[in-house]
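Dropping work-v4.cif in here (mmCIF, N, CA and C atoms):
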```cif
data_upload
loop_
_atom_site.label_atom_id
_atom_site.label_comp_id
_atom_site.auth_asym_id
_atom_site.auth_seq_id
_atom_site.Cartn_x
_atom_site.Cartn_y
_atom_site.Cartn_z
N MET A 1299 7.50 -102.44 -48.68
CA MET A 1299 7.46 -102.77 -50.09
C MET A 1299 6.45 -101.84 -50.76
N ASP A 1300 6.77 -101.41 -51.96
CA ASP A 1300 5.88 -100.45 -52.62
C ASP A 1300 4.77 -101.15 -53.41
N ILE A 1301 3.77 -100.37 -53.76
CA ILE A 1301 2.56 -100.87 -54.41
C ILE A 1301 2.88 -101.61 -55.71
N GLU A 1302 3.68 -100.96 -56.56
CA GLU A 1302 3.98 -101.54 -57.87
C GLU A 1302 4.71 -102.88 -57.75
N ALA A 1303 5.63 -102.98 -56.80
CA ALA A 1303 6.38 -104.22 -56.62
C ALA A 1303 5.45 -105.36 -56.18
N ILE A 1304 4.52 -105.06 -55.28
CA ILE A 1304 3.56 -106.08 -54.84
C ILE A 1304 2.67 -106.50 -56.00
N GLU A 1305 2.16 -105.51 -56.73
CA GLU A 1305 1.30 -105.81 -57.88
C GLU A 1305 2.03 -106.69 -58.90
N THR A 1306 3.29 -106.39 -59.15
CA THR A 1306 4.09 -107.17 -60.09
C THR A 1306 4.23 -108.61 -59.62
N GLN A 1307 4.43 -108.81 -58.33
CA GLN A 1307 4.56 -110.18 -57.81
C GLN A 1307 3.25 -110.95 -57.90
N ILE A 1308 2.13 -110.26 -57.74
CA ILE A 1308 0.82 -110.91 -57.90
C ILE A 1308 0.65 -111.36 -59.35
N VAL A 1309 0.97 -110.47 -60.29
CA VAL A 1309 0.87 -110.80 -61.72
C VAL A 1309 1.78 -111.98 -62.05
N THR A 1310 3.01 -111.95 -61.56
CA THR A 1310 3.97 -113.03 -61.82
C THR A 1310 3.46 -114.36 -61.28
N ARG A 1311 2.89 -114.35 -60.08
CA ARG A 1311 2.34 -115.58 -59.49
C ARG A 1311 1.21 -116.14 -60.36
N LEU A 1312 0.31 -115.27 -60.78
CA LEU A 1312 -0.80 -115.72 -61.61
C LEU A 1312 -0.31 -116.27 -62.95
N LYS A 1313 0.64 -115.58 -63.57
CA LYS A 1313 1.18 -116.04 -64.86
C LYS A 1313 1.85 -117.41 -64.74
N SER A 1314 2.45 -117.69 -63.59
CA SER A 1314 3.12 -118.98 -63.41
C SER A 1314 2.13 -120.13 -63.24
N LYS A 1315 0.90 -119.82 -62.86
CA LYS A 1315 -0.10 -120.85 -62.59
C LYS A 1315 -1.20 -120.92 -63.65
N ILE A 1316 -1.42 -119.82 -64.37
CA ILE A 1316 -2.47 -119.78 -65.40
C ILE A 1316 -1.80 -119.35 -66.70
N THR A 1317 -1.62 -120.30 -67.60
CA THR A 1317 -0.85 -120.01 -68.82
C THR A 1317 -1.71 -119.79 -70.06
N ASP A 1318 -3.01 -120.02 -69.94
CA ASP A 1318 -3.85 -119.92 -71.13
C ASP A 1318 -4.71 -118.64 -71.18
N LEU A 1319 -4.41 -117.67 -70.33
CA LEU A 1319 -5.13 -116.40 -70.32
C LEU A 1319 -4.15 -115.23 -70.38
N PHE A 1320 -4.65 -114.07 -70.75
CA PHE A 1320 -3.85 -112.84 -70.71
C PHE A 1320 -3.89 -112.33 -69.28
N ILE A 1321 -2.73 -112.17 -68.66
CA ILE A 1321 -2.65 -111.70 -67.27
C ILE A 1321 -1.66 -110.55 -67.23
N ASP A 1322 -2.09 -109.43 -66.63
CA ASP A 1322 -1.22 -108.26 -66.57
C ASP A 1322 -1.78 -107.28 -65.54
N SER A 1323 -1.02 -106.20 -65.30
CA SER A 1323 -1.52 -105.10 -64.49
C SER A 1323 -2.60 -104.38 -65.26
N PHE A 1324 -3.50 -103.73 -64.55
CA PHE A 1324 -4.55 -102.95 -65.18
C PHE A 1324 -3.90 -101.89 -66.06
N PRO A 1325 -4.42 -101.64 -67.24
CA PRO A 1325 -3.79 -100.67 -68.14
C PRO A 1325 -3.87 -99.24 -67.60
N GLU A 1326 -2.88 -98.43 -67.97
CA GLU A 1326 -2.85 -97.02 -67.56
C GLU A 1326 -4.10 -96.28 -68.03
N LYS A 1327 -4.58 -96.63 -69.22
CA LYS A 1327 -5.78 -96.00 -69.78
C LYS A 1327 -6.81 -97.09 -70.05
N PRO A 1328 -7.60 -97.44 -69.03
CA PRO A 1328 -8.55 -98.54 -69.18
C PRO A 1328 -9.53 -98.36 -70.33
N GLN A 1329 -9.90 -97.14 -70.62
CA GLN A 1329 -10.85 -96.89 -71.71
C GLN A 1329 -10.28 -97.29 -73.06
N GLU A 1330 -8.96 -97.41 -73.16
CA GLU A 1330 -8.32 -97.80 -74.41
C GLU A 1330 -8.04 -99.30 -74.49
N TYR A 1331 -8.33 -100.03 -73.40
CA TYR A 1331 -8.08 -101.48 -73.38
C TYR A 1331 -9.11 -102.19 -74.25
N THR A 1332 -8.64 -103.05 -75.10
CA THR A 1332 -9.52 -103.87 -75.94
C THR A 1332 -9.27 -105.33 -75.61
N PHE A 1333 -10.33 -106.01 -75.23
CA PHE A 1333 -10.26 -107.43 -74.90
C PHE A 1333 -10.24 -108.24 -76.19
N THR A 1334 -9.11 -108.86 -76.48
CA THR A 1334 -8.97 -109.61 -77.73
C THR A 1334 -8.61 -111.08 -77.50
N HIS A 1335 -8.23 -111.44 -76.31
CA HIS A 1335 -7.80 -112.82 -76.05
C HIS A 1335 -8.97 -113.79 -76.30
N PRO A 1336 -8.71 -114.93 -76.93
CA PRO A 1336 -9.79 -115.85 -77.26
C PRO A 1336 -10.48 -116.48 -76.04
N LYS A 1337 -9.79 -116.55 -74.89
CA LYS A 1337 -10.39 -117.18 -73.71
C LYS A 1337 -10.74 -116.19 -72.61
N GLY A 1338 -9.76 -115.37 -72.22
CA GLY A 1338 -10.03 -114.47 -71.10
C GLY A 1338 -8.80 -113.70 -70.67
N ALA A 1339 -9.02 -112.83 -69.69
CA ALA A 1339 -7.96 -111.99 -69.17
C ALA A 1339 -8.17 -111.77 -67.67
N VAL A 1340 -7.07 -111.51 -66.98
CA VAL A 1340 -7.10 -111.12 -65.57
C VAL A 1340 -6.23 -109.88 -65.46
N LEU A 1341 -6.83 -108.81 -64.95
CA LEU A 1341 -6.12 -107.54 -64.81
C LEU A 1341 -6.06 -107.18 -63.33
N VAL A 1342 -4.85 -106.86 -62.84
CA VAL A 1342 -4.61 -106.62 -61.42
C VAL A 1342 -4.37 -105.14 -61.18
N HIS A 1343 -4.99 -104.61 -60.13
CA HIS A 1343 -4.69 -103.23 -59.74
C HIS A 1343 -4.87 -103.03 -58.24
N TYR A 1344 -4.18 -102.00 -57.75
CA TYR A 1344 -4.25 -101.63 -56.34
C TYR A 1344 -5.55 -100.89 -56.10
N GLN A 1345 -6.33 -101.37 -55.16
CA GLN A 1345 -7.64 -100.79 -54.86
C GLN A 1345 -7.54 -99.69 -53.82
N GLY A 1346 -6.60 -99.83 -52.88
CA GLY A 1346 -6.46 -98.84 -51.82
C GLY A 1346 -5.95 -99.48 -50.56
N GLY A 1347 -5.74 -98.65 -49.54
CA GLY A 1347 -5.20 -99.16 -48.29
C GLY A 1347 -5.73 -98.40 -47.09
N SER A 1348 -5.45 -98.95 -45.92
CA SER A 1348 -5.81 -98.28 -44.67
C SER A 1348 -4.67 -98.53 -43.68
N TYR A 1349 -4.53 -97.61 -42.75
CA TYR A 1349 -3.45 -97.66 -41.78
C TYR A 1349 -4.00 -97.86 -40.37
N GLY A 1350 -3.32 -98.70 -39.60
CA GLY A 1350 -3.68 -98.90 -38.20
C GLY A 1350 -3.06 -97.82 -37.34
N ASN A 1351 -3.35 -97.88 -36.06
CA ASN A 1351 -2.76 -96.93 -35.12
C ASN A 1351 -1.26 -97.19 -34.98
N SER A 1352 -0.51 -96.15 -34.62
CA SER A 1352 0.92 -96.30 -34.41
C SER A 1352 1.14 -97.22 -33.21
N GLN A 1353 2.14 -98.10 -33.34
CA GLN A 1353 2.40 -99.09 -32.30
C GLN A 1353 3.61 -98.73 -31.45
N SER A 1354 4.04 -97.46 -31.49
CA SER A 1354 5.22 -97.04 -30.74
C SER A 1354 5.05 -95.58 -30.33
N VAL A 1355 5.71 -95.20 -29.25
CA VAL A 1355 5.68 -93.79 -28.83
C VAL A 1355 6.88 -93.01 -29.34
N ASP A 1356 7.93 -93.70 -29.77
CA ASP A 1356 9.16 -93.03 -30.20
C ASP A 1356 9.25 -92.83 -31.71
N VAL A 1357 8.56 -93.66 -32.46
CA VAL A 1357 8.63 -93.60 -33.91
C VAL A 1357 7.26 -94.04 -34.45
N VAL A 1358 6.87 -93.50 -35.59
CA VAL A 1358 5.60 -93.92 -36.18
C VAL A 1358 5.80 -95.29 -36.83
N PHE A 1359 5.10 -96.26 -36.28
CA PHE A 1359 5.14 -97.63 -36.80
C PHE A 1359 3.70 -98.12 -36.86
N GLN A 1360 3.22 -98.38 -38.09
CA GLN A 1360 1.84 -98.80 -38.29
C GLN A 1360 1.80 -100.02 -39.19
N GLN A 1361 0.67 -100.69 -39.17
CA GLN A 1361 0.40 -101.74 -40.13
C GLN A 1361 -0.46 -101.15 -41.24
N LYS A 1362 -0.06 -101.37 -42.48
CA LYS A 1362 -0.81 -100.88 -43.62
C LYS A 1362 -1.50 -102.07 -44.28
N LYS A 1363 -2.83 -102.03 -44.30
CA LYS A 1363 -3.61 -103.07 -44.97
C LYS A 1363 -3.81 -102.61 -46.41
N MET A 1364 -3.39 -103.45 -47.36
CA MET A 1364 -3.46 -103.11 -48.77
C MET A 1364 -4.43 -104.04 -49.48
N GLU A 1365 -5.26 -103.48 -50.35
CA GLU A 1365 -6.24 -104.26 -51.08
C GLU A 1365 -5.95 -104.20 -52.58
N PHE A 1366 -5.91 -105.38 -53.19
CA PHE A 1366 -5.69 -105.50 -54.63
C PHE A 1366 -6.92 -106.14 -55.26
N ALA A 1367 -7.37 -105.56 -56.38
CA ALA A 1367 -8.54 -106.07 -57.09
C ALA A 1367 -8.08 -106.74 -58.38
N LEU A 1368 -8.68 -107.87 -58.68
CA LEU A 1368 -8.40 -108.59 -59.91
C LEU A 1368 -9.68 -108.61 -60.73
N THR A 1369 -9.63 -108.03 -61.90
CA THR A 1369 -10.78 -108.03 -62.80
C THR A 1369 -10.63 -109.21 -63.75
N ILE A 1370 -11.64 -110.04 -63.77
CA ILE A 1370 -11.67 -111.23 -64.63
C ILE A 1370 -12.58 -110.92 -65.81
N ILE A 1371 -12.06 -111.11 -67.01
CA ILE A 1371 -12.84 -110.90 -68.22
C ILE A 1371 -12.84 -112.23 -68.98
N THR A 1372 -14.02 -112.74 -69.28
CA THR A 1372 -14.09 -114.04 -69.94
C THR A 1372 -15.28 -114.09 -70.90
N ARG A 1373 -15.19 -115.00 -71.83
CA ARG A 1373 -16.25 -115.15 -72.84
C ARG A 1373 -17.32 -116.15 -72.41
N ASN A 1374 -17.14 -116.76 -71.24
CA ASN A 1374 -18.10 -117.74 -70.73
C ASN A 1374 -18.36 -117.48 -69.26
N LEU A 1375 -19.56 -117.82 -68.84
CA LEU A 1375 -19.91 -117.67 -67.43
C LEU A 1375 -19.65 -118.97 -66.67
N LYS A 1376 -20.25 -120.07 -67.16
CA LYS A 1376 -20.20 -121.34 -66.42
C LYS A 1376 -19.40 -122.42 -67.13
N LYS A 1377 -19.38 -122.43 -68.44
CA LYS A 1377 -18.73 -123.53 -69.15
C LYS A 1377 -17.36 -123.11 -69.69
N ASN A 1378 -16.59 -124.09 -70.13
CA ASN A 1378 -15.28 -123.85 -70.75
C ASN A 1378 -14.38 -122.94 -69.91
N ASN A 1379 -14.24 -123.28 -68.63
CA ASN A 1379 -13.42 -122.47 -67.72
C ASN A 1379 -13.87 -121.02 -67.70
N GLY A 1380 -15.16 -120.81 -67.51
CA GLY A 1380 -15.74 -119.47 -67.47
C GLY A 1380 -15.43 -118.72 -66.20
N ALA A 1381 -16.15 -117.64 -66.01
CA ALA A 1381 -15.90 -116.74 -64.89
C ALA A 1381 -15.99 -117.43 -63.53
N TYR A 1382 -16.99 -118.30 -63.36
CA TYR A 1382 -17.15 -118.96 -62.06
C TYR A 1382 -15.93 -119.80 -61.69
N SER A 1383 -15.48 -120.63 -62.61
CA SER A 1383 -14.33 -121.49 -62.30
C SER A 1383 -13.04 -120.68 -62.18
N LEU A 1384 -12.96 -119.60 -62.93
CA LEU A 1384 -11.76 -118.75 -62.84
C LEU A 1384 -11.69 -118.04 -61.49
N LEU A 1385 -12.82 -117.62 -60.96
CA LEU A 1385 -12.84 -117.03 -59.62
C LEU A 1385 -12.28 -118.02 -58.60
N GLU A 1386 -12.73 -119.26 -58.69
CA GLU A 1386 -12.25 -120.29 -57.75
C GLU A 1386 -10.76 -120.57 -57.93
N LYS A 1387 -10.32 -120.64 -59.17
CA LYS A 1387 -8.91 -120.93 -59.45
C LYS A 1387 -8.01 -119.82 -58.89
N ILE A 1388 -8.39 -118.58 -59.12
CA ILE A 1388 -7.60 -117.45 -58.61
C ILE A 1388 -7.59 -117.45 -57.09
N LYS A 1389 -8.73 -117.74 -56.48
CA LYS A 1389 -8.80 -117.80 -55.02
C LYS A 1389 -7.82 -118.84 -54.48
N GLN A 1390 -7.76 -120.00 -55.12
CA GLN A 1390 -6.83 -121.05 -54.69
C GLN A 1390 -5.37 -120.63 -54.87
N ILE A 1391 -5.07 -119.95 -55.97
CA ILE A 1391 -3.70 -119.57 -56.28
C ILE A 1391 -3.18 -118.49 -55.33
N LEU A 1392 -4.02 -117.52 -54.99
CA LEU A 1392 -3.53 -116.38 -54.22
C LEU A 1392 -3.79 -116.47 -52.71
N THR A 1393 -4.74 -117.29 -52.28
CA THR A 1393 -4.98 -117.41 -50.84
C THR A 1393 -3.77 -118.06 -50.18
N GLY A 1394 -3.17 -117.35 -49.26
CA GLY A 1394 -1.97 -117.83 -48.57
C GLY A 1394 -0.67 -117.48 -49.27
N PHE A 1395 -0.73 -116.85 -50.44
CA PHE A 1395 0.47 -116.44 -51.15
C PHE A 1395 1.17 -115.35 -50.33
N LYS A 1396 2.47 -115.54 -50.09
CA LYS A 1396 3.23 -114.61 -49.24
C LYS A 1396 4.28 -113.89 -50.05
N ILE A 1397 4.23 -112.59 -49.99
CA ILE A 1397 5.22 -111.72 -50.61
C ILE A 1397 6.14 -111.24 -49.51
N ASP A 1398 7.45 -111.25 -49.74
CA ASP A 1398 8.41 -110.82 -48.72
C ASP A 1398 8.03 -109.47 -48.14
N GLY A 1399 8.06 -109.37 -46.81
CA GLY A 1399 7.74 -108.13 -46.13
C GLY A 1399 6.26 -107.91 -45.90
N CYS A 1400 5.44 -108.88 -46.28
CA CYS A 1400 3.98 -108.76 -46.15
C CYS A 1400 3.41 -110.01 -45.49
N THR A 1401 2.20 -109.89 -45.00
CA THR A 1401 1.49 -111.07 -44.52
C THR A 1401 0.99 -111.87 -45.72
N LYS A 1402 0.49 -113.05 -45.47
CA LYS A 1402 -0.09 -113.85 -46.54
C LYS A 1402 -1.35 -113.15 -47.07
N MET A 1403 -1.60 -113.34 -48.36
CA MET A 1403 -2.79 -112.76 -48.98
C MET A 1403 -4.02 -113.57 -48.61
N TYR A 1404 -5.15 -112.87 -48.53
CA TYR A 1404 -6.42 -113.55 -48.28
C TYR A 1404 -7.54 -112.81 -49.02
N PRO A 1405 -8.54 -113.57 -49.50
CA PRO A 1405 -9.63 -112.93 -50.25
C PRO A 1405 -10.56 -112.17 -49.30
N THR A 1406 -11.13 -111.08 -49.80
CA THR A 1406 -12.05 -110.29 -48.99
C THR A 1406 -13.44 -110.17 -49.60
N LYS A 1407 -13.51 -110.15 -50.92
CA LYS A 1407 -14.82 -110.07 -51.58
C LYS A 1407 -14.67 -110.41 -53.05
N GLU A 1408 -15.79 -110.79 -53.64
CA GLU A 1408 -15.84 -111.03 -55.06
C GLU A 1408 -17.23 -110.68 -55.55
N GLY A 1409 -17.35 -110.38 -56.84
CA GLY A 1409 -18.66 -110.03 -57.32
C GLY A 1409 -18.71 -109.76 -58.82
N PHE A 1410 -19.92 -109.68 -59.30
CA PHE A 1410 -20.22 -109.41 -60.70
C PHE A 1410 -20.00 -107.94 -61.00
N LEU A 1411 -19.35 -107.64 -62.13
CA LEU A 1411 -19.18 -106.26 -62.57
C LEU A 1411 -20.14 -105.94 -63.70
N THR A 1412 -20.05 -106.70 -64.81
CA THR A 1412 -20.88 -106.40 -65.97
C THR A 1412 -20.88 -107.57 -66.95
N GLU A 1413 -21.84 -107.54 -67.85
CA GLU A 1413 -21.89 -108.46 -68.98
C GLU A 1413 -22.30 -107.65 -70.20
N ASN A 1414 -21.59 -107.84 -71.30
CA ASN A 1414 -21.89 -107.10 -72.53
C ASN A 1414 -21.63 -108.02 -73.72
N ASN A 1415 -22.68 -108.40 -74.41
CA ASN A 1415 -22.57 -109.28 -75.59
C ASN A 1415 -21.79 -110.57 -75.31
N GLY A 1416 -22.04 -111.17 -74.16
CA GLY A 1416 -21.39 -112.43 -73.82
C GLY A 1416 -19.99 -112.29 -73.23
N ILE A 1417 -19.55 -111.09 -72.98
CA ILE A 1417 -18.27 -110.86 -72.30
C ILE A 1417 -18.59 -110.56 -70.84
N TRP A 1418 -18.17 -111.47 -69.97
CA TRP A 1418 -18.47 -111.38 -68.54
C TRP A 1418 -17.31 -110.77 -67.78
N GLN A 1419 -17.60 -109.90 -66.82
CA GLN A 1419 -16.57 -109.33 -65.96
C GLN A 1419 -16.96 -109.52 -64.50
N TYR A 1420 -16.03 -110.09 -63.76
CA TYR A 1420 -16.17 -110.26 -62.32
C TYR A 1420 -14.92 -109.69 -61.67
N THR A 1421 -15.01 -109.47 -60.37
CA THR A 1421 -13.84 -109.02 -59.63
C THR A 1421 -13.68 -109.86 -58.38
N ILE A 1422 -12.44 -110.05 -57.98
CA ILE A 1422 -12.13 -110.69 -56.70
C ILE A 1422 -11.03 -109.86 -56.05
N ASN A 1423 -11.22 -109.53 -54.78
CA ASN A 1423 -10.27 -108.68 -54.06
C ASN A 1423 -9.52 -109.49 -53.00
N PHE A 1424 -8.27 -109.12 -52.81
CA PHE A 1424 -7.40 -109.73 -51.81
C PHE A 1424 -6.76 -108.64 -50.97
N GLU A 1425 -6.48 -108.97 -49.72
CA GLU A 1425 -5.76 -108.05 -48.85
C GLU A 1425 -4.50 -108.71 -48.32
N LEU A 1426 -3.55 -107.86 -47.95
CA LEU A 1426 -2.35 -108.25 -47.23
C LEU A 1426 -1.96 -107.07 -46.37
N THR A 1427 -1.07 -107.30 -45.44
CA THR A 1427 -0.62 -106.24 -44.54
C THR A 1427 0.88 -106.13 -44.61
N THR A 1428 1.36 -104.90 -44.56
CA THR A 1428 2.79 -104.63 -44.58
C THR A 1428 3.09 -103.52 -43.58
N PRO A 1429 4.28 -103.48 -43.01
CA PRO A 1429 4.58 -102.41 -42.06
C PRO A 1429 4.79 -101.07 -42.75
N SER A 1430 4.38 -100.02 -42.08
CA SER A 1430 4.62 -98.65 -42.53
C SER A 1430 5.38 -97.94 -41.41
N ILE A 1431 6.63 -97.59 -41.69
CA ILE A 1431 7.50 -97.04 -40.66
C ILE A 1431 7.99 -95.66 -41.08
N GLU A 1432 7.98 -94.75 -40.16
CA GLU A 1432 8.45 -93.38 -40.41
C GLU A 1432 9.90 -93.40 -40.91
N THR A 1433 10.19 -92.51 -41.85
CA THR A 1433 11.55 -92.35 -42.34
C THR A 1433 12.24 -91.29 -41.49
N GLU A 1434 13.38 -91.66 -40.92
CA GLU A 1434 14.10 -90.71 -40.06
C GLU A 1434 14.81 -89.67 -40.93
N GLU A 1435 14.77 -88.44 -40.47
CA GLU A 1435 15.49 -87.37 -41.16
C GLU A 1435 16.91 -87.29 -40.64
N ASP A 1436 17.82 -86.83 -41.51
CA ASP A 1436 19.23 -86.72 -41.11
C ASP A 1436 19.43 -85.64 -40.07
#
```

What do you get writing this file as structure tokens?
Amino acid sequence: MDIEAIETQIVTRLKSKITDLFIDSFPEKPQEYTFTHPKGAVLVHYQGGSYGNSQSVDVVFQQKKMEFALTIITRNLKKNNGAYSLLEKIKQILTGFKIDGCTKMYPTKEGFLTENNGIWQYTINFELTTPSIETEED
């Protein structure tokens, strides 16, 4: 499964469970993104991946570990469903979420990014694994 398809399924899952925030893929030009939602936003992007050793001698077959980062932007830290509670909510929604062709998602890290004039940004990362198999030539 390709990166964009997985990212889209993560966004769709979050949108189905969190209806009062702006949820989408990270913008193509982040510097042009303006946070305007009255409550908050969650932006999803592919952080990177790593490949395991090949598991076959006849064909290249590896496990690809993929990491997705979710940036949480909110106007509150602790109250009114602020950053802290949103981190927990997202963890509950995505932990164990299974996308076809991948292992279940699991959280790997979370942390503070920045605060500017009462706009808080945190991140939470999730990983999943998918097979990476050599394409045979004709």

Contact table segment 1345-1385 of chain A vs segment 1321-1338 of chain A, cut-off 6.5 Å, shortest pair per residue, only N, CA and C atoms, as CSV:
```
residue,atom,partner,partner_atom,distance
A:Ile1371,C,A:Gly1338,CA,4.2
A:Thr1372,CA,A:Gly1338,CA,4.2
A:Arg1373,N,A:Lys1337,C,4.7
```

- Query: In Å, how far is it from atom CA of Glu1305 of chain A to atom CA of Tyr1344 of chain A?
  - Reply: 7.1 Å

- Item | Residues of segment 1316-1428 of chain A in alpha helix (DSSP H), written as a ChimeraX atom specification | /A:1381-1392

- DSSP strand (DSSP E) residues within segment 1356-1431 of chain A, as a PyMOL selection string: chain A and resi 1359-1372+1404-1414+1417-1431

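Taking only N, CA and C atoms, the non-local environment of Glu1425 of chain A within 6 Å (same-chain residues fewer than 4 positions away omitted) comprises Met1364, Glu1365, Phe1366, Lys1402, Met1403, Tyr1404, Pro1405 and Thr1406 of chain A.
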
- Quote the spacing between atom CA of Gln1307 of chain A and atom CA of Pro1429 of chain A in Å to one decimal place. 17.6 Å

- Query: How many Å lie between atom C of Tyr1420 of chain A and atom CA of Glu1408 of chain A, rounded to one decimal?
  - Reply: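 Between these atoms lies a distance of 6.8 Å.
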
- Residue with smallest distance to Phe1424 of chain A - pool A:Ser1383, A:Leu1368, A:Ser1352, A:Asp1398, counting only N, CA and C atoms: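 Residue with the minimum atom-to-atom distance to Phe1424 of chain A: A:Leu1368.
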
- Give as a list in words every residue, naming chains and numbers as the document does, that has an atom within 6 Å of (-3.1, -107.1, -43.4), counting only C-alpha atoms.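 With a cut-off of 6 Å, the residues come to Lys1363, Leu1426 and Thr1427 of chain A.
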